[in-house]
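Reading through the structure tokens given below for one structure.
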Amino acid sequence: MSQTAILQDMRSILDKAIQVPGDGHRQRMALTTIGYRANVAKTSPLEFLRSYFYEQFQAELANQPAVVAATDPAPITPASVETESIQCRSCGRTFKTQTALNGHGEARCQNRQTSPVTS
Ligand SMILES: [Zn+2]
């Protein structure tokens with residue numbers, strides 16, 4: 001039996017044991033078998049377990065983002081929190097966001113009132 005075949009066998013042992021949550025006896029048997037097989041394959045049982053569960057973890061993560069994104073509320077940005085309290089110091093107009101005030105152009109607004117824009 002090649003090392004690759006043994007490792008494959010070890011994975012299927014874990015697969016079957018994990019499919020029966022709470023079955024402590026079956027899981028102990030699986031771990032014991034994993035220990036023996038790892039010895040035959042000349043590999044470290046804990047490193048094998050770590051890579052096995054890391055793959056499981058990655059697979060679970062890969063299945064979740066769509067669900068998380070669907071249930072996530074819209075992110076609260078500073079723009080949506082601001083009320084109409086941003087005021088142009090030149091003309092007194094209020095704006096919902098700093099971006100809106102920037103678009104209005106506070107500095108240019110003042111120039112418009114005192115002297116024509118000379119650009
Ligand atoms: Zn203004």
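Residue names in the structure tokens use chain letters A, B, ... in the order shown, residue numbers from 1 in each chain, and ligand numbers from 1 in the order shown.
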
Got a sec: who's within 8 Å of Ser85 (chain A), counting only C-alpha atoms, leaving out chain neighbours fewer than 5 positions off, as a PyMOL selection string?
chain A and resi 94-96

How about saving the chosen residues, N, CA and C atoms kept, as a PDB file, in the first residue's frame?
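Saved the output as result23.pdb:
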```
ATOM      1  N   THR A  94     -27.243  74.131   3.889  1.00  0.00           N
ATOM      2  CA  THR A  94     -26.851  72.925   4.617  1.00  0.00           C
ATOM      3  C   THR A  94     -26.809  71.733   3.671  1.00  0.00           C
ATOM      4  N   PHE A  95     -25.961  70.783   4.021  1.00  0.00           N
ATOM      5  CA  PHE A  95     -25.769  69.603   3.180  1.00  0.00           C
ATOM      6  C   PHE A  95     -25.770  68.351   4.038  1.00  0.00           C
ATOM      7  N   LYS A  96     -26.270  67.264   3.443  1.00  0.00           N
ATOM      8  CA  LYS A  96     -26.379  66.011   4.195  1.00  0.00           C
ATOM      9  C   LYS A  96     -25.011  65.387   4.446  1.00  0.00           C
TER      10      LYS A  96
END
```

Tell me, as a count of residues only, which residues lie within 9 Å of Thr33 (chain A), counting only C-alpha atoms; anything in the same chain fewer than 5 positions away does not count.
4

Kindly provide, as a ChimeraX atom specification, all nucleotide and amino acid residues lying within 12 Å of ligand 1, counting only C-alpha atoms and all ligand atoms.
/A:86-95,100-114

Those same residues, written as a PDB file, in the first residue's frame with C-alpha atoms?
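Writing the result to result29.pdb gives the following:
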```pdb
ATOM      1  CA  ILE A  86     -22.979  70.505   7.539  1.00  0.00           C
ATOM      2  CA  GLN A  87     -23.334  74.101   6.580  1.00  0.00           C
ATOM      3  CA  CYS A  88     -21.566  76.150   3.987  1.00  0.00           C
ATOM      4  CA  ARG A  89     -19.909  78.928   5.941  1.00  0.00           C
ATOM      5  CA  SER A  90     -20.210  81.258   2.972  1.00  0.00           C
ATOM      6  CA  CYS A  91     -23.874  81.066   1.973  1.00  0.00           C
ATOM      7  CA  GLY A  92     -25.449  79.128   4.849  1.00  0.00           C
ATOM      8  CA  ARG A  93     -26.797  76.257   2.777  1.00  0.00           C
ATOM      9  CA  THR A  94     -26.851  72.925   4.617  1.00  0.00           C
ATOM     10  CA  PHE A  95     -25.769  69.603   3.180  1.00  0.00           C
ATOM     11  CA  ALA A 100     -22.105  67.147  -0.934  1.00  0.00           C
ATOM     12  CA  LEU A 101     -20.593  70.268   0.589  1.00  0.00           C
ATOM     13  CA  ASN A 102     -17.341  69.566  -1.224  1.00  0.00           C
ATOM     14  CA  GLY A 103     -19.345  69.266  -4.429  1.00  0.00           C
ATOM     15  CA  HIS A 104     -20.989  72.602  -3.691  1.00  0.00           C
ATOM     16  CA  GLY A 105     -17.540  74.058  -3.185  1.00  0.00           C
ATOM     17  CA  GLU A 106     -17.412  76.110  -0.022  1.00  0.00           C
ATOM     18  CA  ALA A 107     -14.215  77.923  -0.944  1.00  0.00           C
ATOM     19  CA  ARG A 108     -15.394  78.722  -4.445  1.00  0.00           C
ATOM     20  CA  CYS A 109     -18.794  79.731  -3.029  1.00  0.00           C
ATOM     21  CA  GLN A 110     -17.124  82.460  -0.999  1.00  0.00           C
ATOM     22  CA  ASN A 111     -15.195  83.598  -4.060  1.00  0.00           C
ATOM     23  CA  ARG A 112     -18.438  83.830  -6.019  1.00  0.00           C
ATOM     24  CA  GLN A 113     -19.898  86.221  -3.469  1.00  0.00           C
ATOM     25  CA  THR A 114     -16.877  88.476  -3.055  1.00  0.00           C
TER      26      THR A 114
END
```

12 Å contact set for Ser44 (chain A), only C-alpha atoms, chain neighbours under 6 positions out, as a list in words:
Leu7, Ile34, Gly35, Tyr36, Arg37, Ala38, Arg50 and Ser51 of chain A

Separation of CA of Leu31 (chain A) and CA of Gln64 (chain A), in Å?
28.3 Å

Between CA of Glu55 (chain A) and CA of Ser12 (chain A), what is the distance, to one decimal in Å?
13.5 Å

One number please: CA of Phe48 (chain A) to CA of Arg11 (chain A), in Å, one decimal.
9.1 Å
